[in-house]
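Content type mmCIF, C-alpha atoms, from the file upload-v9.cif:
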data_input
#
loop_
_atom_site.label_atom_id
_atom_site.label_comp_id
_atom_site.auth_asym_id
_atom_site.auth_seq_id
_atom_site.Cartn_x
_atom_site.Cartn_y
_atom_site.Cartn_z
CA MET A 1 17.81 0.71 -23.51
CA ALA A 2 17.85 -2.56 -25.45
CA SER A 3 19.65 -4.34 -22.60
CA ILE A 4 16.95 -3.34 -20.12
CA ARG A 5 14.39 -4.79 -22.53
CA ASP A 6 16.36 -8.03 -22.48
CA ILE A 7 16.03 -8.16 -18.68
CA ILE A 8 12.40 -6.99 -18.43
CA LYS A 9 10.75 -8.79 -21.31
CA ASP A 10 7.27 -7.68 -20.29
CA ARG A 11 7.10 -4.35 -22.16
CA GLU A 12 4.42 -3.04 -19.81
CA ARG A 13 6.98 -3.13 -16.97
CA CYS A 14 9.56 -0.96 -18.75
CA ILE A 15 8.54 2.59 -19.69
CA THR A 16 10.89 4.60 -21.89
CA GLU A 17 8.52 7.13 -23.46
CA ASN A 18 5.87 9.51 -22.12
CA ILE A 19 6.92 8.83 -18.53
CA ASP A 20 4.32 10.02 -16.03
CA GLU A 21 5.55 12.93 -13.91
CA LYS A 22 4.67 11.07 -10.71
CA TYR A 23 7.59 8.72 -11.33
CA GLN A 24 9.94 11.68 -11.59
CA SER A 25 9.01 13.46 -8.36
CA ASP A 26 7.75 12.81 -4.82
CA VAL A 27 4.24 13.03 -3.38
CA LEU A 28 4.30 16.85 -3.31
CA GLY A 29 5.24 17.02 -7.00
CA ARG A 30 7.23 20.25 -6.74
CA LEU A 31 10.76 18.86 -7.05
CA LYS A 32 11.05 17.38 -10.53
CA GLY A 33 13.62 15.17 -12.21
CA CYS A 34 13.87 13.50 -15.58
CA ALA A 35 14.14 9.73 -15.96
CA ASP A 36 15.19 7.89 -19.10
CA THR A 37 13.27 4.79 -18.12
CA VAL A 38 11.04 3.47 -15.33
CA VAL A 39 11.39 -0.24 -14.58
CA PHE A 40 9.04 -2.38 -12.46
CA PRO A 41 10.95 -5.52 -11.35
CA VAL A 42 9.07 -8.40 -9.77
CA SER A 43 11.98 -10.41 -8.38
CA THR A 44 15.36 -10.05 -6.71
CA GLU A 45 16.96 -11.56 -9.80
CA GLU A 46 15.53 -8.82 -12.01
CA VAL A 47 16.72 -6.13 -9.60
CA SER A 48 20.18 -7.70 -9.58
CA GLN A 49 20.38 -7.82 -13.37
CA ILE A 50 19.21 -4.21 -13.69
CA MET A 51 21.81 -3.05 -11.18
CA LYS A 52 24.57 -4.99 -12.96
CA TYR A 53 23.58 -3.32 -16.23
CA ALA A 54 23.49 0.11 -14.58
CA TRP A 55 26.86 -0.52 -12.89
CA GLU A 56 28.58 -1.59 -16.08
CA ASN A 57 27.26 1.45 -17.94
CA LYS A 58 27.48 3.98 -15.06
CA ILE A 59 23.76 4.72 -15.27
CA PRO A 60 22.17 6.51 -12.28
CA VAL A 61 19.48 4.52 -10.45
CA THR A 62 16.76 6.02 -8.24
CA PRO A 63 14.90 3.43 -6.10
CA ARG A 64 11.21 4.15 -5.56
CA GLY A 65 8.42 2.60 -3.50
CA ALA A 66 4.90 3.98 -3.13
CA GLY A 67 6.05 7.52 -3.96
CA THR A 68 4.83 9.04 -0.66
CA ASN A 69 8.21 10.61 0.17
CA LEU A 70 8.02 14.30 1.15
CA VAL A 71 11.62 15.47 0.73
CA GLY A 72 12.57 14.54 -2.83
CA SER A 73 14.40 11.28 -2.12
CA THR A 74 12.66 9.65 -5.10
CA VAL A 75 13.43 12.43 -7.62
CA PRO A 76 15.73 11.24 -10.47
CA ILE A 77 17.81 14.41 -10.66
CA ARG A 78 20.49 12.83 -12.87
CA GLY A 79 18.20 10.95 -15.25
CA GLY A 80 18.84 7.26 -15.71
CA ILE A 81 16.64 4.50 -14.29
CA VAL A 82 13.81 4.83 -11.81
CA LEU A 83 13.64 1.42 -10.14
CA ASP A 84 10.01 1.16 -9.00
CA LEU A 85 9.60 -1.70 -6.50
CA SER A 86 5.83 -1.36 -6.04
CA ARG A 87 5.09 -4.69 -7.76
CA MET A 88 7.30 -6.60 -5.35
CA ASN A 89 4.53 -6.52 -2.77
CA ARG A 90 4.04 -10.05 -1.45
CA ILE A 91 4.03 -11.44 2.08
CA LEU A 92 6.42 -14.35 1.67
CA GLU A 93 6.29 -15.89 5.14
CA LEU A 94 4.68 -15.51 8.54
CA ASP A 95 6.67 -17.41 11.18
CA GLU A 96 4.59 -17.40 14.35
CA ASP A 97 7.22 -19.34 16.29
CA THR A 98 9.91 -16.68 15.84
CA MET A 99 7.27 -13.92 15.58
CA THR A 100 8.71 -12.64 12.32
CA ALA A 101 7.42 -12.03 8.82
CA VAL A 102 9.28 -11.90 5.52
CA VAL A 103 7.84 -9.43 3.02
CA GLU A 104 8.82 -7.76 -0.21
CA PRO A 105 9.55 -4.02 -0.07
CA GLY A 106 6.57 -2.81 -2.10
CA ILE A 107 3.82 -4.00 0.25
CA PHE A 108 1.76 -1.18 1.75
CA LEU A 109 2.11 -0.64 5.48
CA GLU A 110 -1.66 -0.78 6.03
CA ASP A 111 -2.02 -4.06 4.14
CA PHE A 112 0.75 -5.71 6.14
CA GLN A 113 -0.63 -4.45 9.45
CA LYS A 114 -4.13 -5.72 8.65
CA TYR A 115 -2.71 -9.10 7.69
CA VAL A 116 -0.78 -9.66 10.92
CA GLU A 117 -3.44 -8.15 13.19
CA ALA A 118 -6.02 -10.58 11.79
CA ARG A 119 -3.72 -13.29 13.15
CA GLY A 120 -3.33 -11.79 16.63
CA LEU A 121 0.02 -10.14 15.92
CA PHE A 122 1.14 -6.53 15.75
CA TYR A 123 3.60 -4.46 13.71
CA PRO A 124 3.87 -1.20 15.71
CA PRO A 125 5.57 1.37 13.37
CA ASP A 126 2.81 3.81 12.45
CA PRO A 127 3.77 6.74 10.18
CA GLY A 128 0.89 8.98 9.15
CA GLU A 129 0.84 7.74 5.54
CA LYS A 130 -0.56 4.22 5.74
CA GLN A 131 -0.20 3.66 1.99
CA SER A 132 3.55 4.06 2.20
CA SER A 133 5.61 0.98 1.37
CA ILE A 134 7.51 -1.08 3.93
CA GLY A 135 10.69 -0.62 1.88
CA GLY A 136 10.21 3.14 1.92
CA ASN A 137 9.57 3.08 5.68
CA ILE A 138 12.84 1.21 6.17
CA SER A 139 14.74 3.54 3.83
CA THR A 140 13.74 6.57 5.93
CA ASN A 141 13.54 4.79 9.31
CA ALA A 142 9.95 5.99 9.57
CA GLY A 143 8.63 6.70 13.04
CA GLY A 144 5.06 7.79 13.50
CA MET A 145 2.63 8.17 16.32
CA ARG A 146 3.39 5.02 18.32
CA ALA A 147 7.14 5.62 18.54
CA VAL A 148 6.92 6.95 22.11
CA LYS A 149 6.11 3.43 23.39
CA TYR A 150 7.22 1.04 20.67
CA GLY A 151 10.11 2.75 18.91
CA VAL A 152 10.67 3.31 15.19
CA THR A 153 10.98 1.13 12.09
CA ARG A 154 14.62 0.26 12.81
CA ASP A 155 13.52 -1.51 16.00
CA TYR A 156 11.41 -3.97 13.96
CA VAL A 157 13.85 -4.83 11.17
CA ARG A 158 15.56 -8.13 11.94
CA GLY A 159 17.15 -8.61 8.53
CA LEU A 160 17.22 -7.49 4.92
CA GLU A 161 18.01 -8.96 1.55
CA VAL A 162 19.58 -6.20 -0.53
CA VAL A 163 21.08 -5.73 -3.96
CA LEU A 164 24.28 -3.71 -3.96
CA ALA A 165 25.12 -1.10 -6.58
CA ASN A 166 27.11 -3.63 -8.62
CA GLY A 167 24.26 -6.15 -8.63
CA ASP A 168 25.56 -8.45 -5.88
CA VAL A 169 22.85 -9.86 -3.59
CA ILE A 170 23.51 -10.16 0.13
CA THR A 171 21.45 -10.83 3.27
CA VAL A 172 22.20 -8.73 6.35
CA GLY A 173 20.70 -9.66 9.71
CA SER A 174 18.46 -12.68 10.29
CA LYS A 175 15.48 -13.95 12.29
CA ASN A 176 17.67 -14.17 15.38
CA VAL A 177 16.88 -11.89 18.30
CA LYS A 178 20.56 -11.20 19.04
CA ASP A 179 23.41 -10.46 16.66
CA ALA A 180 26.94 -9.49 17.67
CA SER A 181 28.47 -11.02 14.55
CA GLY A 182 30.56 -8.31 12.94
CA LEU A 183 29.39 -4.93 11.70
CA SER A 184 25.63 -4.30 11.69
CA LEU A 185 25.26 -3.77 7.95
CA LYS A 186 21.49 -4.02 8.35
CA ASN A 187 21.49 -0.87 10.44
CA LEU A 188 23.53 0.98 7.82
CA ILE A 189 20.85 0.25 5.23
CA VAL A 190 17.97 1.33 7.48
CA GLY A 191 17.52 5.08 7.01
CA SER A 192 19.97 5.34 4.09
CA GLU A 193 17.31 6.61 1.63
CA GLY A 194 18.34 4.26 -1.17
CA THR A 195 21.92 5.50 -1.33
CA LEU A 196 23.66 2.27 -0.28
CA ALA A 197 21.60 -0.64 -1.65
CA VAL A 198 18.20 -1.70 -2.99
CA ILE A 199 16.00 -3.56 -0.50
CA THR A 200 14.36 -6.67 -1.98
CA LYS A 201 13.22 -8.62 1.12
CA CYS A 202 12.51 -7.55 4.70
CA ILE A 203 12.55 -9.75 7.81
CA LEU A 204 10.33 -7.96 10.32
CA LYS A 205 9.83 -8.44 14.04
CA LEU A 206 6.25 -8.79 15.32
CA ILE A 207 4.77 -8.66 18.81
CA PRO A 208 1.46 -9.88 20.27
CA LYS A 209 -1.46 -7.63 19.42
CA PRO A 210 -2.54 -5.53 22.45
CA LYS A 211 -5.91 -6.64 23.80
CA ASP A 212 -7.27 -3.15 24.33
CA SER A 213 -6.62 0.34 22.96
CA LEU A 214 -8.25 3.58 24.01
CA SER A 215 -7.59 7.21 23.06
CA VAL A 216 -8.06 10.45 24.98
CA LEU A 217 -8.35 14.06 23.78
CA VAL A 218 -6.99 16.66 26.20
CA PRO A 219 -7.69 20.33 25.36
CA TYR A 220 -5.40 23.08 26.72
CA PRO A 221 -5.73 26.87 26.68
CA ASP A 222 -2.57 27.26 24.56
CA ILE A 223 0.12 25.22 22.85
CA GLN A 224 2.81 26.00 25.45
CA THR A 225 0.69 24.72 28.34
CA GLY A 226 -0.07 21.57 26.39
CA THR A 227 3.47 20.75 25.33
CA SER A 228 4.95 21.57 28.74
CA SER A 229 2.53 19.13 30.40
CA VAL A 230 3.74 16.28 28.17
CA LEU A 231 6.91 15.82 30.24
CA THR A 232 4.78 15.50 33.37
CA LEU A 233 2.71 12.77 31.71
CA LEU A 234 5.79 10.90 30.51
CA LYS A 235 7.51 11.12 33.90
CA GLY A 236 4.29 10.02 35.57
CA ASN A 237 4.74 6.48 34.21
CA VAL A 238 1.35 6.42 32.51
CA GLY A 239 2.71 4.41 29.55
CA PRO A 240 1.08 6.15 26.56
CA THR A 241 1.35 4.54 23.15
CA ALA A 242 1.05 7.88 21.37
CA VAL A 243 1.33 11.51 22.49
CA GLU A 244 0.39 13.98 19.74
CA PHE A 245 -0.02 17.73 19.90
CA VAL A 246 -2.14 19.89 17.57
CA GLU A 247 -2.69 23.62 17.85
CA ARG A 248 -6.22 24.92 17.33
CA GLY A 249 -5.45 26.68 14.03
CA VAL A 250 -4.36 23.49 12.30
CA ALA A 251 -7.18 21.53 13.97
CA LYS A 252 -9.62 23.91 12.25
CA LEU A 253 -7.99 23.18 8.89
CA GLY A 254 -8.32 19.47 9.64
CA GLU A 255 -11.99 19.95 10.48
CA ASP A 256 -12.64 21.76 7.20
CA PHE A 257 -10.73 19.11 5.25
CA THR A 258 -12.36 16.03 6.79
CA GLY A 259 -15.80 17.40 7.66
CA THR A 260 -15.56 16.37 11.31
CA THR A 261 -14.90 18.45 14.44
CA PHE A 262 -12.76 18.47 17.55
CA PRO A 263 -14.61 18.96 20.86
CA CYS A 264 -13.90 22.05 23.00
CA HIS A 265 -13.44 24.73 20.31
CA GLU A 266 -12.32 27.28 22.91
CA ALA A 267 -9.07 25.35 23.38
CA GLY A 268 -5.83 26.76 21.97
CA ALA A 269 -4.30 23.31 21.48
CA TYR A 270 -4.92 19.62 22.01
CA ILE A 271 -2.91 16.67 23.19
CA ILE A 272 -4.12 13.31 21.85
CA LEU A 273 -3.12 10.25 23.85
CA THR A 274 -3.51 6.56 23.18
CA PHE A 275 -3.10 3.75 25.70
CA ASP A 276 -2.97 0.06 24.89
CA GLY A 277 -2.40 -3.26 26.67
CA GLU A 278 -4.50 -5.32 29.07
CA PRO A 279 -7.86 -3.62 29.84
CA GLU A 280 -7.02 -3.18 33.53
CA GLU A 281 -3.65 -1.65 32.67
CA VAL A 282 -5.24 0.77 30.17
CA ALA A 283 -7.87 1.89 32.72
CA LEU A 284 -5.22 2.47 35.41
CA HIS A 285 -3.00 4.52 33.12
CA ILE A 286 -5.90 6.63 31.89
CA GLU A 287 -6.89 7.55 35.45
CA LYS A 288 -3.30 8.46 36.32
CA ALA A 289 -3.07 10.56 33.14
CA ARG A 290 -6.38 12.29 33.92
CA LYS A 291 -5.14 13.42 37.32
CA LEU A 292 -1.79 14.67 35.98
CA ALA A 293 -3.32 16.48 33.00
CA LEU A 294 -5.95 18.33 35.03
CA GLU A 295 -3.34 19.30 37.60
CA ASN A 296 -1.17 20.78 34.83
CA GLY A 297 -3.50 23.09 32.98
CA ALA A 298 -5.80 20.82 30.97
CA MET A 299 -9.26 22.25 30.32
CA ALA A 300 -10.86 18.80 30.17
CA PHE A 301 -9.98 15.13 29.75
CA ILE A 302 -12.16 13.51 27.09
CA VAL A 303 -11.98 9.71 26.83
CA LEU A 304 -12.81 8.67 23.26
CA ASP A 305 -14.62 5.47 24.17
CA ASP A 306 -16.78 5.73 21.05
CA SER A 307 -14.66 3.89 18.47
CA GLU A 308 -16.11 5.87 15.56
CA GLU A 309 -15.36 9.20 17.22
CA SER A 310 -11.85 8.05 18.06
CA ALA A 311 -11.29 6.97 14.45
CA ARG A 312 -12.49 10.38 13.22
CA ILE A 313 -10.09 12.23 15.53
CA TRP A 314 -7.13 10.11 14.44
CA LYS A 315 -8.11 10.38 10.78
CA MET A 316 -8.11 14.15 11.17
CA ARG A 317 -4.69 14.05 12.84
CA GLY A 318 -3.33 11.92 10.01
CA SER A 319 -4.65 14.32 7.36
CA LEU A 320 -3.16 17.56 8.70
CA VAL A 321 -0.44 18.00 6.08
CA LYS A 322 -2.98 17.39 3.32
CA ALA A 323 -5.40 19.77 5.04
CA VAL A 324 -2.83 22.58 4.96
CA GLU A 325 -1.87 21.73 1.38
CA ALA A 326 -5.54 22.06 0.39
CA VAL A 327 -5.54 25.79 1.22
CA SER A 328 -1.97 26.82 0.40
CA GLU A 329 1.34 25.50 -0.83
CA GLN A 330 3.50 24.70 2.17
CA GLU A 331 6.85 23.19 3.05
CA PRO A 332 6.61 20.30 5.53
CA VAL A 333 9.20 20.10 8.31
CA ASP A 334 9.79 17.19 10.70
CA LEU A 335 12.78 18.18 12.79
CA VAL A 336 13.40 16.59 16.17
CA VAL A 337 14.54 18.04 19.50
CA PRO A 338 15.07 16.47 22.93
CA ILE A 339 11.72 15.88 24.61
CA SER A 340 12.61 18.37 27.33
CA LYS A 341 13.12 21.07 24.67
CA VAL A 342 9.83 20.73 22.78
CA ASP A 343 8.22 23.56 24.76
CA ALA A 344 11.23 25.87 24.19
CA PHE A 345 11.25 25.11 20.47
CA ILE A 346 7.50 25.71 20.14
CA ARG A 347 7.98 29.10 21.84
CA PHE A 348 10.74 29.93 19.35
CA VAL A 349 8.47 28.98 16.44
CA GLY A 350 5.83 31.38 17.75
CA GLU A 351 8.41 34.16 18.00
CA GLN A 352 9.72 33.38 14.52
CA GLU A 353 6.20 33.48 13.11
CA LYS A 354 5.63 36.98 14.53
CA LYS A 355 9.07 38.19 13.45
CA SER A 356 8.89 36.91 9.89
CA GLY A 357 5.18 37.22 9.14
CA MET A 358 5.26 33.65 7.78
CA GLN A 359 2.53 31.34 9.06
CA LEU A 360 4.16 28.39 10.84
CA ILE A 361 1.61 25.70 11.67
CA ARG A 362 2.66 23.39 14.52
CA PHE A 363 1.75 19.81 15.38
CA GLY A 364 3.59 16.55 15.86
CA HIS A 365 4.75 13.75 18.12
CA ALA A 366 5.17 15.41 21.49
CA GLY A 367 6.13 12.15 23.17
CA ASP A 368 9.37 11.76 21.21
CA GLY A 369 10.27 15.36 20.38
CA ASN A 370 9.40 15.08 16.68
CA VAL A 371 7.97 18.50 15.82
CA HIS A 372 6.08 18.86 12.54
CA LEU A 373 5.70 22.29 11.00
CA CYS A 374 4.00 23.53 7.87
CA VAL A 375 5.68 26.67 6.54
CA VAL A 376 2.78 28.26 4.64
CA ARG A 377 3.27 30.17 1.41
CA GLY A 378 0.05 32.19 1.43
CA ASP A 379 -0.13 34.74 -1.40
CA ARG A 380 3.63 35.27 -1.84
CA ASP A 381 4.99 35.41 -5.38
CA ASP A 382 7.62 32.87 -6.40
CA GLU A 383 10.66 35.01 -5.64
CA THR A 384 9.38 36.18 -2.25
CA TRP A 385 8.29 32.67 -1.30
CA GLN A 386 11.65 31.10 -2.08
CA ARG A 387 13.58 33.81 -0.26
CA GLU A 388 11.42 33.92 2.87
CA LEU A 389 11.07 30.13 2.99
CA HIS A 390 14.85 29.74 2.98
CA GLU A 391 15.30 32.41 5.65
CA ASN A 392 12.77 30.74 7.93
CA MET A 393 14.10 27.24 7.34
CA VAL A 394 17.65 28.35 8.19
CA ALA A 395 16.40 29.93 11.43
CA LEU A 396 14.24 26.95 12.42
CA TYR A 397 16.83 24.26 11.74
CA HIS A 398 19.61 26.24 13.38
CA HIS A 399 17.60 26.75 16.55
CA ALA A 400 16.72 23.05 16.64
CA TYR A 401 20.44 22.25 16.59
CA VAL A 402 21.12 24.87 19.29
CA LEU A 403 18.65 22.94 21.47
CA GLY A 404 20.39 19.64 20.71
CA GLY A 405 18.06 18.58 17.90
CA LEU A 406 18.46 17.19 14.40
CA THR A 407 17.21 17.91 10.89
CA SER A 408 14.81 14.99 10.53
CA GLY A 409 12.96 12.63 12.81
CA GLU A 410 11.32 10.42 10.19
CA HIS A 411 10.98 11.93 6.70
CA GLY A 412 14.64 11.68 5.76
CA ILE A 413 16.83 14.36 4.16
CA GLY A 414 16.42 13.82 0.41
CA LEU A 415 16.83 17.00 -1.62
CA SER A 416 14.72 19.59 0.18
CA LYS A 417 16.42 19.29 3.58
CA ARG A 418 19.90 18.70 2.22
CA PRO A 419 21.20 22.32 2.43
CA TYR A 420 20.19 22.62 6.08
CA PHE A 421 21.51 19.17 7.03
CA LEU A 422 24.87 19.85 5.37
CA GLU A 423 25.14 23.25 7.06
CA GLU A 424 24.55 21.87 10.56
CA THR A 425 26.51 18.58 10.29
CA SER A 426 30.24 18.40 10.93
CA ASP A 427 32.59 17.87 8.00
CA LEU A 428 34.07 14.77 9.65
CA VAL A 429 30.66 13.16 10.05
CA LEU A 430 29.82 13.88 6.42
CA LYS A 431 33.21 12.57 5.31
CA THR A 432 32.62 9.32 7.21
CA MET A 433 29.17 8.86 5.68
CA ARG A 434 30.57 9.44 2.19
CA GLN A 435 33.39 6.96 2.75
CA ILE A 436 30.81 4.30 3.62
CA LYS A 437 28.88 5.20 0.46
CA PHE A 438 32.04 4.97 -1.67
CA SER A 439 32.97 1.58 -0.25
CA LEU A 440 29.60 0.16 -1.39
CA ASP A 441 29.04 2.27 -4.50
CA GLU A 442 32.31 3.71 -5.79
CA LYS A 443 30.70 4.70 -9.09
CA GLY A 444 28.02 6.70 -7.28
CA ILE A 445 25.07 5.35 -9.24
CA LEU A 446 22.59 4.79 -6.38
CA ASN A 447 20.52 7.88 -5.53
CA ASN A 448 23.56 10.14 -5.60
CA HIS A 449 23.47 13.85 -4.67
CA LYS A 450 20.80 13.17 -2.02
CA SER A 451 20.94 13.48 1.76
CA TYR A 452 24.59 13.42 2.95
CA LEU A 453 26.11 13.16 -0.55
CA ALA A 454 27.96 15.94 -2.33
#

Please render this file's structure as structure tokens.
Amino acid sequence: MASIRDIIKDRERCITENIDEKYQSDVLGRLKGCADTVVFPVSTEEVSQIMKYAWENKIPVTPRGAGTNLVGSTVPIRGGIVLDLSRMNRILELDEDTMTAVVEPGIFLEDFQKYVEARGLFYPPDPGEKQSSIGGNISTNAGGMRAVKYGVTRDYVRGLEVVLANGDVITVGSKNVKDASGLSLKNLIVGSEGTLAVITKCILKLIPKPKDSLSVLVPYPDIQTGTSSVLTLLKGNVGPTAVEFVERGVAKLGEDFTGTTFPCHEAGAYIILTFDGEPEEVALHIEKARKLALENGAMAFIVLDDSEESARIWKMRGSLVKAVEAVSEQEPVDLVVPISKVDAFIRFVGEQEKKSGMQLIRFGHAGDGNVHLCVVRGDRDDETWQRELHENMVALYHHAYVLGGLTSGEHGIGLSKRPYFLEETSDLVLKTMRQIKFSLDEKGILNNHKSYLA
């Protein structure tokens, strides 16, 4: 690795021995790879030089951000270089006239959001993991809880500076609002999980910060009643920012994990709503939502006007995967179905749970059809766990596709979802994706054998 040392002269930013396991896995730590070196570039020029070296020597490269990925996208399964971008974490520009910001990919989502909100601006994408990196969010097209009103990460990426597999540096997109100038290469990079290029700068769209925000907790007797009422709320033009559903079983795990409690313990499930905008608009929408919810099976309609209580409820919602993980190994799922099919899919999950004997914990983004499941291991031995997990995942993903759904709403495909994605995706679609990959990376050095790749 002498040539890498020539590029990264700071020895502390190039690790070739005793590499920490966290750099060779994802946040769950169960899928493990083996890297030859971990490099921490601090500039586009360094990234470019590293990629040129890797290209010339056909060395695999695995881009990595904050390491919060859940599906193995950051696992270096073929060795080579882990390109850790966490030290490229600066805010380079805030342009209030064009309402854009230019940032490096390693900046944490929460740090960027705090920065712009302190200046009266707003970056809406809101995945559950706030210490994820912006570059990682872009690489998976992260969604989150506010997607029902504001959309997903892709909707806030105006442009990108990227380093191609051969080390060339290009800028795709710009600060401009409109762009009909050739192919949208920017949108190919968004969601590509590090298989097409390495992101080194991000031009992000901002909007004015909403003046008011208020959340509501709506308990229901069971999960089906709750999820079926979501369509009524959405059709009722009440303009929610977030629409989350949580069944009582997982809410109890969240309570134990965080030390706080949900109201109305007799409920079988909860819908959590948020409304934002002008105060008068928020109040009007909450009253319309109250009427619709109570008419459609809600047990109560609890406005969380105490900011501390609201923060506790949302903190608990954000910690649910960790809460399940604290009591048992589990496999997280984030498939997506049409909004009108959420209720049908939730019913199928309940039937599959009874049929298989595998605990299937359900929560997620009811407002955009993004269903999160935790497939819980319990006390199964390794062989039984792997067999029954696979059987349940095949059944769950297949039924999602039967209903018109897809394998992932926001986590990406990576390694863990790859078998199910490949099984349910047409050969022609996969062939087209791979042709795009080959045109940008014919040597296959960037995050190969992940997602759509053979």

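Within 10 Å of the file-frame point (15.3, 23.3, -2.9), and using only C-alpha atoms, the polymer residues found are A:Arg30, A:Leu31, A:Val71, A:Gly72, A:Gln386, A:Leu389, A:His390, A:Leu415, A:Ser416, A:Lys417, A:Arg418, A:Pro419.
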
Could you take the residues named above and write them with C-alpha atoms, as a JSON list (two decimals), in the frame of the given file?
[["chain", "number", "residue", "atom", "x", "y", "z"],
["A", 30, "ARG", "CA", 7.23, 20.25, -6.74],
["A", 31, "LEU", "CA", 10.76, 18.86, -7.05],
["A", 71, "VAL", "CA", 11.62, 15.47, 0.73],
["A", 72, "GLY", "CA", 12.57, 14.54, -2.83],
["A", 386, "GLN", "CA", 11.65, 31.10, -2.08],
["A", 389, "LEU", "CA", 11.07, 30.13, 2.99],
["A", 390, "HIS", "CA", 14.85, 29.74, 2.98],
["A", 415, "LEU", "CA", 16.83, 17.00, -1.62],
["A", 416, "SER", "CA", 14.72, 19.59, 0.18],
["A", 417, "LYS", "CA", 16.42, 19.29, 3.58],
["A", 418, "ARG", "CA", 19.90, 18.70, 2.22],
["A", 419, "PRO", "CA", 21.20, 22.32, 2.43]]

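Counting all atoms listed in the file, the residue from A:Leu422, A:Leu183, A:Ile339, A:Ile313 that sits nearest to Leu453 (chain A) is A:Leu422.
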
Near region 164-170 of chain A, 8 Å: region 43-95 of chain A residue rows, closest pairs, all atoms listed in the file, as CSV:
residue,atom,partner,partner_atom,distance
A:Val47,CA,A:Gly167,CA,7.6
A:Ser48,CA,A:Gly167,CA,4.5
A:Gln49,CA,A:Gly167,CA,6.3
A:Ile50,CA,A:Gly167,CA,7.4
A:Met51,CA,A:Gly167,CA,4.7
A:Lys52,CA,A:Gly167,CA,4.5
A:Ala54,CA,A:Asn166,CA,7.9
A:Trp55,CA,A:Asn166,CA,5.3
A:Glu56,CA,A:Asn166,CA,7.9

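The smallest atom-to-atom distance between Pro76 (chain A) and any of A:Leu206, A:Val157, A:Leu217, A:Ile445, using only C-alpha atoms, is found for A:Ile445.
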
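Here CA of Arg146 (chain A) is placed at a distance of 6.8 Å from CA of Pro124 (chain A).
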
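We find CA of Asn237 (chain A) and CA of Gly404 (chain A) to be spaced 24.5 Å apart.
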
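The gap separating CA of Ile302 (chain A) from CA of Ala283 (chain A) is 13.6 Å, in Å to one decimal.
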
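When the PyMOL selection byres ((chain A and resi 365) around 7) is run on the displayed coordinates, the residues it returns are Met145, Val243, Glu244, Phe245, Gly364, Ala366, Gly367, Asp368, Gly369, Asn370 and Val371 of chain A.
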
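The residues returned by the PyMOL selection byres ((chain A and resi 411) around 8) on the shown structure are Asn69, Leu70, Val71, Thr140, Ala142, Asp334, Ser408, Gly409, Glu410, Gly412 and Ile413 of chain A.
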
Result set of the PyMOL selection byres ((chain A and resi 340) around 12) on the coordinates above, as a PyMOL selection string: chain A and resi 227-232+234-235+336-339+341-346+366-370+403-405

Axis-aligned box for region 138-141 of chain A, 4 Å per side, centre and edges in Å as AutoDock Vina command-line options:
--center_x 13.8 --center_y 3.9 --center_z 6.6 --size_x 9.9 --size_y 13.4 --size_z 13.5

Within 12 Å of Gly259 (chain A) using only C-alpha atoms, minus same-chain residues under 4 positions, as an MDAnalysis selection string: chainID A and resid 251:255 312:313 315:316 319 323

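Among the candidates A:Ile19, A:Ile77, A:Ile271, A:Ala101, the one nearest to Gly414 (chain A) when counting all atoms listed in the file is A:Ile77.
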
Excluding Val172 (chain A) and residues on its chain fewer than 3 positions from it, collect all residues at most 8 Å away from it, counting all atoms listed in the file, and give them as a PDB file with C-alpha atoms, in the coordinates of the input.
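Dumped to selection-v5.pdb:
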ATOM      1  CA  GLY A 159      17.150  -8.610   8.530  1.00  0.00           C
ATOM      2  CA  LEU A 160      17.220  -7.490   4.920  1.00  0.00           C
ATOM      3  CA  GLU A 161      18.010  -8.960   1.550  1.00  0.00           C
ATOM      4  CA  VAL A 162      19.580  -6.200  -0.530  1.00  0.00           C
ATOM      5  CA  SER A 184      25.630  -4.300  11.690  1.00  0.00           C
ATOM      6  CA  LEU A 185      25.260  -3.770   7.950  1.00  0.00           C
ATOM      7  CA  LYS A 186      21.490  -4.020   8.350  1.00  0.00           C
TER       8      LYS A 186
END

Distance query Arg347 (chain A) at most 12 Å, only C-alpha atoms, self and fewer than 4 positions along chain excluded, as a list in words: Asp222, Ile223, Gln224, Thr225, Gly226, Thr227, Ser228, Lys341, Val342, Asp343, Glu351, Gln352, Glu353, Lys354, Leu360, Arg362, Leu396, His399 and Ala400 of chain A

Using C-alpha atoms, can you write the selected residues to a file as a compact mmCIF listing (two decimals), keeping the file's coordinate frame?
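Okay, part_30.txt is ready:
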# COMPACT_ATOMS: atom_id res chain seq x y z
CA ASP A 222 -2.57 27.26 24.56
CA ILE A 223 0.12 25.22 22.85
CA GLN A 224 2.81 26.00 25.45
CA THR A 225 0.69 24.72 28.34
CA GLY A 226 -0.07 21.57 26.39
CA THR A 227 3.47 20.75 25.33
CA SER A 228 4.95 21.57 28.74
CA LYS A 341 13.12 21.07 24.67
CA VAL A 342 9.83 20.73 22.78
CA ASP A 343 8.22 23.56 24.76
CA GLU A 351 8.41 34.16 18.00
CA GLN A 352 9.72 33.38 14.52
CA GLU A 353 6.20 33.48 13.11
CA LYS A 354 5.63 36.98 14.53
CA LEU A 360 4.16 28.39 10.84
CA ARG A 362 2.66 23.39 14.52
CA LEU A 396 14.24 26.95 12.42
CA HIS A 399 17.60 26.75 16.55
CA ALA A 400 16.72 23.05 16.64

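Distances from A:Met358, A:Thr425, A:Thr44, A:Glu93 to Thr171 (chain A) were compared using all atoms listed in the file, and the smallest one belongs to A:Thr44.
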
Contacts of region 210-215 of chain A within 10 Å, only C-alpha atoms, excl. fewer than 5 positions in-chain, as an MDAnalysis selection string: chainID A and resid 117 120:122 240:243 272:283 286 302:307 309:311 313:314
